[in-house]
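S.K.: Provided below: data.txt, containing compact mmCIF, C-alpha atoms.
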```
# COMPACT_ATOMS: atom_id res chain seq x y z
CA MET A 1 0.00 0.00 0.00
CA GLU A 2 1.47 3.32 -1.06
CA ARG A 3 1.89 6.16 1.40
CA LEU A 4 0.15 9.39 0.51
CA ALA A 5 1.35 12.96 0.96
CA LEU A 6 -0.34 14.75 3.84
CA THR A 7 -1.47 18.33 3.84
CA GLY A 8 -3.11 17.85 7.29
CA ALA A 9 -4.52 21.35 7.95
CA ALA A 10 -7.78 19.93 9.33
CA ILE A 11 -6.14 17.54 11.79
CA ILE A 12 -6.15 18.83 15.35
CA ALA A 13 -2.88 17.89 17.04
CA LEU A 14 -2.80 17.26 20.76
CA ALA A 15 -0.38 19.26 22.89
CA GLY A 16 3.21 18.14 22.56
CA PRO A 17 4.99 16.16 19.88
CA VAL A 18 3.30 13.04 18.57
CA HIS A 19 6.50 11.04 18.31
CA SER A 20 9.36 13.04 19.80
CA GLY A 21 12.77 12.10 18.47
CA ALA A 22 11.39 10.19 15.49
CA PRO A 23 12.09 11.27 11.93
CA GLU A 24 9.32 13.40 10.44
CA ASP A 25 8.45 10.78 7.82
CA GLN A 26 7.68 8.14 10.47
CA LEU A 27 4.08 8.34 11.56
CA PRO A 28 2.77 6.64 14.70
CA VAL A 29 0.60 3.54 14.40
CA ALA A 30 -2.81 3.69 16.05
CA ASP A 31 -4.22 0.62 17.79
CA HIS A 32 -7.58 2.08 18.81
CA VAL A 33 -10.00 4.59 17.31
CA VAL A 34 -12.81 6.26 19.25
CA VAL A 35 -15.57 8.12 17.44
CA ASP A 36 -17.69 10.38 19.66
CA LYS A 37 -20.82 11.15 17.65
CA SER A 38 -22.12 13.92 19.93
CA GLU A 39 -18.74 15.66 20.11
CA ARG A 40 -18.11 15.11 16.37
CA THR A 41 -14.60 13.79 17.04
CA LEU A 42 -12.50 10.86 15.95
CA THR A 43 -9.55 10.16 18.30
CA LEU A 44 -6.62 7.91 17.45
CA TYR A 45 -4.79 6.12 20.27
CA ALA A 46 -1.60 4.13 20.71
CA GLY A 47 -2.19 2.24 23.94
CA SER A 48 -3.77 4.77 26.28
CA GLN A 49 -1.92 7.68 24.65
CA PRO A 50 -4.05 9.87 22.33
CA LEU A 51 -2.20 10.57 19.07
CA ARG A 52 -4.63 12.83 17.20
CA VAL A 53 -8.12 14.23 17.55
CA ILE A 54 -9.99 15.02 14.36
CA GLY A 55 -12.96 17.32 14.84
CA GLY A 56 -15.91 18.15 12.63
CA ILE A 57 -16.58 14.60 11.46
CA GLN A 58 -19.68 14.07 9.36
CA LEU A 59 -22.17 11.29 10.03
CA GLY A 60 -25.29 9.77 8.53
CA ASP A 61 -28.27 11.98 7.71
CA ALA A 62 -29.93 10.80 10.97
CA PRO A 63 -26.98 11.08 13.39
CA VAL A 64 -28.83 10.60 16.71
CA ALA A 65 -29.29 6.99 17.92
CA PRO A 66 -27.52 3.85 16.72
CA LYS A 67 -27.90 2.27 13.31
CA ARG A 68 -30.53 -0.47 13.44
CA PHE A 69 -31.60 -1.16 9.87
CA GLN A 70 -30.48 -0.89 6.28
CA GLY A 71 -31.48 2.52 4.93
CA ASP A 72 -32.03 4.27 8.28
CA GLU A 73 -29.11 6.66 7.53
CA ARG A 74 -27.75 6.29 11.06
CA THR A 75 -24.14 5.73 12.08
CA PRO A 76 -23.61 2.61 14.22
CA GLU A 77 -22.70 2.69 17.91
CA GLY A 78 -20.64 0.01 19.61
CA ARG A 79 -17.33 -1.81 19.27
CA TYR A 80 -16.23 -2.82 15.80
CA TRP A 81 -12.99 -3.23 13.81
CA ILE A 82 -11.48 -1.58 10.78
CA ASP A 83 -11.37 -4.82 8.79
CA TRP A 84 -10.33 -3.77 5.27
CA SER A 85 -9.47 -0.69 3.24
CA ASN A 86 -10.34 0.38 -0.31
CA PRO A 87 -8.07 2.72 -2.29
CA GLU A 88 -10.46 2.49 -5.29
CA SER A 89 -13.49 3.88 -3.44
CA SER A 90 -16.08 6.30 -4.85
CA TYR A 91 -14.87 8.56 -2.04
CA HIS A 92 -11.34 9.70 -1.34
CA LEU A 93 -10.12 6.44 0.25
CA SER A 94 -12.29 4.32 2.50
CA MET A 95 -11.82 2.06 5.50
CA HIS A 96 -14.52 -0.51 6.26
CA ILE A 97 -16.06 -0.80 9.74
CA SER A 98 -17.12 -4.36 10.67
CA TYR A 99 -20.78 -3.39 11.23
CA PRO A 100 -23.04 -5.33 11.66
CA ASN A 101 -21.92 -7.51 14.53
CA ALA A 102 -23.93 -10.52 15.79
CA ALA A 103 -26.06 -8.37 18.14
CA ASP A 104 -26.84 -5.86 15.36
CA GLU A 105 -27.90 -8.70 13.04
CA ALA A 106 -30.00 -10.39 15.72
CA TYR A 107 -31.86 -7.17 16.55
CA ALA A 108 -32.63 -6.41 12.92
CA ALA A 109 -33.73 -10.01 12.29
CA SER A 110 -36.04 -9.87 15.33
CA GLN A 111 -37.77 -6.95 13.61
CA GLY A 112 -37.91 -8.74 10.26
CA ARG A 113 -35.38 -6.34 8.73
CA SER A 114 -31.81 -6.26 7.46
CA ALA A 115 -29.14 -4.56 9.59
CA GLY A 116 -27.45 -3.20 6.46
CA GLY A 117 -23.71 -2.92 6.06
CA MET A 118 -20.91 -1.28 4.08
CA ILE A 119 -20.28 1.30 6.79
CA MET A 120 -17.02 3.10 6.09
CA ILE A 121 -14.78 5.90 7.25
CA HIS A 122 -14.04 7.83 4.07
CA GLY A 123 -13.11 11.15 2.55
CA GLN A 124 -15.24 13.35 0.33
CA PRO A 125 -16.71 12.17 -2.99
CA ASN A 126 -14.12 11.78 -5.73
CA GLY A 127 -14.01 14.77 -8.05
CA LEU A 128 -15.44 17.16 -5.47
CA ALA A 129 -13.39 20.24 -4.66
CA GLY A 130 -13.79 21.03 -0.97
CA ARG A 131 -16.15 19.46 1.51
CA ILE A 132 -19.89 18.77 1.56
CA ARG A 133 -21.59 20.63 4.42
CA GLY A 134 -23.43 18.92 7.27
CA ASP A 135 -24.31 15.27 7.71
CA TRP A 136 -24.80 13.58 4.38
CA THR A 137 -23.71 9.94 4.46
CA ASP A 138 -25.94 6.87 4.61
CA GLY A 139 -24.39 5.97 7.99
CA CYS A 140 -20.69 6.29 7.26
CA ILE A 141 -18.18 8.63 8.90
CA ALA A 142 -16.89 11.25 6.47
CA LEU A 143 -13.69 13.23 6.93
CA ALA A 144 -11.82 15.83 4.94
CA ASN A 145 -9.56 14.19 2.35
CA GLU A 146 -6.42 15.21 4.25
CA GLU A 147 -7.79 13.57 7.39
CA ILE A 148 -8.58 10.22 5.73
CA GLU A 149 -5.09 10.27 4.22
CA TYR A 150 -3.66 10.50 7.74
CA LEU A 151 -5.86 7.61 8.94
CA TRP A 152 -4.89 5.61 5.86
CA GLN A 153 -1.24 5.82 6.92
CA THR A 154 -1.65 5.32 10.67
CA VAL A 155 -4.62 2.95 11.20
CA PRO A 156 -3.95 -0.62 10.06
CA ASP A 157 -6.65 -3.16 9.22
CA GLY A 158 -7.64 -5.00 12.40
CA THR A 159 -7.74 -1.84 14.54
CA VAL A 160 -10.53 -1.63 17.14
CA ILE A 161 -13.01 1.23 16.69
CA ASP A 162 -15.45 2.25 19.41
CA ILE A 163 -18.32 4.46 18.25
CA VAL A 164 -20.07 6.17 21.17
CA PRO A 165 -23.23 8.28 21.25
```
Take the structure in the file and write it out as structure tokens.
M.R.:
Amino acid sequence: MERLALTGAAIIALAGPVHSGAPEDQLPVADHVVVDKSERTLTLYAGSQPLRVIGGIQLGDAPVAPKRFQGDERTPEGRYWIDWSNPESSYHLSMHISYPNAADEAYAASQGRSAGGMIMIHGQPNGLAGRIRGDWTDGCIALANEEIEYLWQTVPDGTVIDIVP
């Protein structure tokens, strides 16, 4: 997987150096991602140490409450994994979230519905200059293109992601 150039203006750095003493071209590796839907933040961690906080994330068109069914335009809540990545996405890079889990599927089935799927963290639509305003996804988490490039380089497949209300 090729590394991408970062322009990173929209990434909010925490106080202090991220990796003091390391060469500038070596980025830290995150082992945990926390998305706080109400705060509109995505925080990357290495162990218990926060590496970066990205603010202003965009969610599904119906951002309050957890995703329950296909087409409800909600972003899931719970513990999942980043289980694969797609450099050929319709959006500027995408990283798949392992939704639905067994509990999500069981709940949807108990209601005679599908839980849906294909929930991603991704950039803006390809070919778009700038950023769409507001919440606009079908349940995904959208970032600025520079932000998804940073995640692409620092969050490996298999990383735990907790999405909280």
S.K.: Near stretch 132-148 of chain A, within 10 Å and counting only C-alpha atoms, which residues show up once chain neighbours fewer than 2 positions away are dropped, as a compact mmCIF listing (two decimals) with C-alpha atoms, keeping the file's coordinate frame?
M.R.:
```
# COMPACT_ATOMS: atom_id res chain seq x y z
CA LEU A 4 0.15 9.39 0.51
CA ALA A 5 1.35 12.96 0.96
CA LEU A 6 -0.34 14.75 3.84
CA THR A 7 -1.47 18.33 3.84
CA GLY A 8 -3.11 17.85 7.29
CA ALA A 9 -4.52 21.35 7.95
CA ALA A 10 -7.78 19.93 9.33
CA ILE A 11 -6.14 17.54 11.79
CA ILE A 12 -6.15 18.83 15.35
CA VAL A 35 -15.57 8.12 17.44
CA LYS A 37 -20.82 11.15 17.65
CA ARG A 40 -18.11 15.11 16.37
CA LEU A 42 -12.50 10.86 15.95
CA ILE A 54 -9.99 15.02 14.36
CA GLY A 55 -12.96 17.32 14.84
CA GLY A 56 -15.91 18.15 12.63
CA ILE A 57 -16.58 14.60 11.46
CA GLN A 58 -19.68 14.07 9.36
CA LEU A 59 -22.17 11.29 10.03
CA GLY A 60 -25.29 9.77 8.53
CA ASP A 61 -28.27 11.98 7.71
CA ALA A 62 -29.93 10.80 10.97
CA PRO A 63 -26.98 11.08 13.39
CA PRO A 66 -27.52 3.85 16.72
CA LYS A 67 -27.90 2.27 13.31
CA GLN A 70 -30.48 -0.89 6.28
CA GLY A 71 -31.48 2.52 4.93
CA ASP A 72 -32.03 4.27 8.28
CA GLU A 73 -29.11 6.66 7.53
CA ARG A 74 -27.75 6.29 11.06
CA THR A 75 -24.14 5.73 12.08
CA PRO A 76 -23.61 2.61 14.22
CA TYR A 91 -14.87 8.56 -2.04
CA HIS A 92 -11.34 9.70 -1.34
CA LEU A 93 -10.12 6.44 0.25
CA SER A 94 -12.29 4.32 2.50
CA MET A 95 -11.82 2.06 5.50
CA HIS A 96 -14.52 -0.51 6.26
CA ILE A 97 -16.06 -0.80 9.74
CA GLY A 116 -27.45 -3.20 6.46
CA GLY A 117 -23.71 -2.92 6.06
CA MET A 118 -20.91 -1.28 4.08
CA ILE A 119 -20.28 1.30 6.79
CA MET A 120 -17.02 3.10 6.09
CA ILE A 121 -14.78 5.90 7.25
CA HIS A 122 -14.04 7.83 4.07
CA GLY A 123 -13.11 11.15 2.55
CA GLN A 124 -15.24 13.35 0.33
CA PRO A 125 -16.71 12.17 -2.99
CA ASN A 126 -14.12 11.78 -5.73
CA LEU A 128 -15.44 17.16 -5.47
CA ALA A 129 -13.39 20.24 -4.66
CA GLY A 130 -13.79 21.03 -0.97
CA TYR A 150 -3.66 10.50 7.74
CA LEU A 151 -5.86 7.61 8.94
CA TRP A 152 -4.89 5.61 5.86
CA GLN A 153 -1.24 5.82 6.92
CA THR A 154 -1.65 5.32 10.67
CA VAL A 155 -4.62 2.95 11.20
```
S.K.: Measure the distance from atom CA of A:Arg68 to atom CA of A:Ala108 in Å and round it to one decimal.
M.R.: 6.3 Å
S.K.: I'd like to know which of A:Tyr107, A:Ala102, A:Val64, A:Trp81 is closest to A:Val34, using all atoms listed in the file.
M.R.: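 Looking only at the distances to A:Val34, the closest residue turns out to be A:Trp81.
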S.K.: Grab the atom CA of A:Tyr45 to atom CA of A:Ala103 distance for me, in Å with one decimal place.
M.R.: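 It comes out at 25.8 Å.
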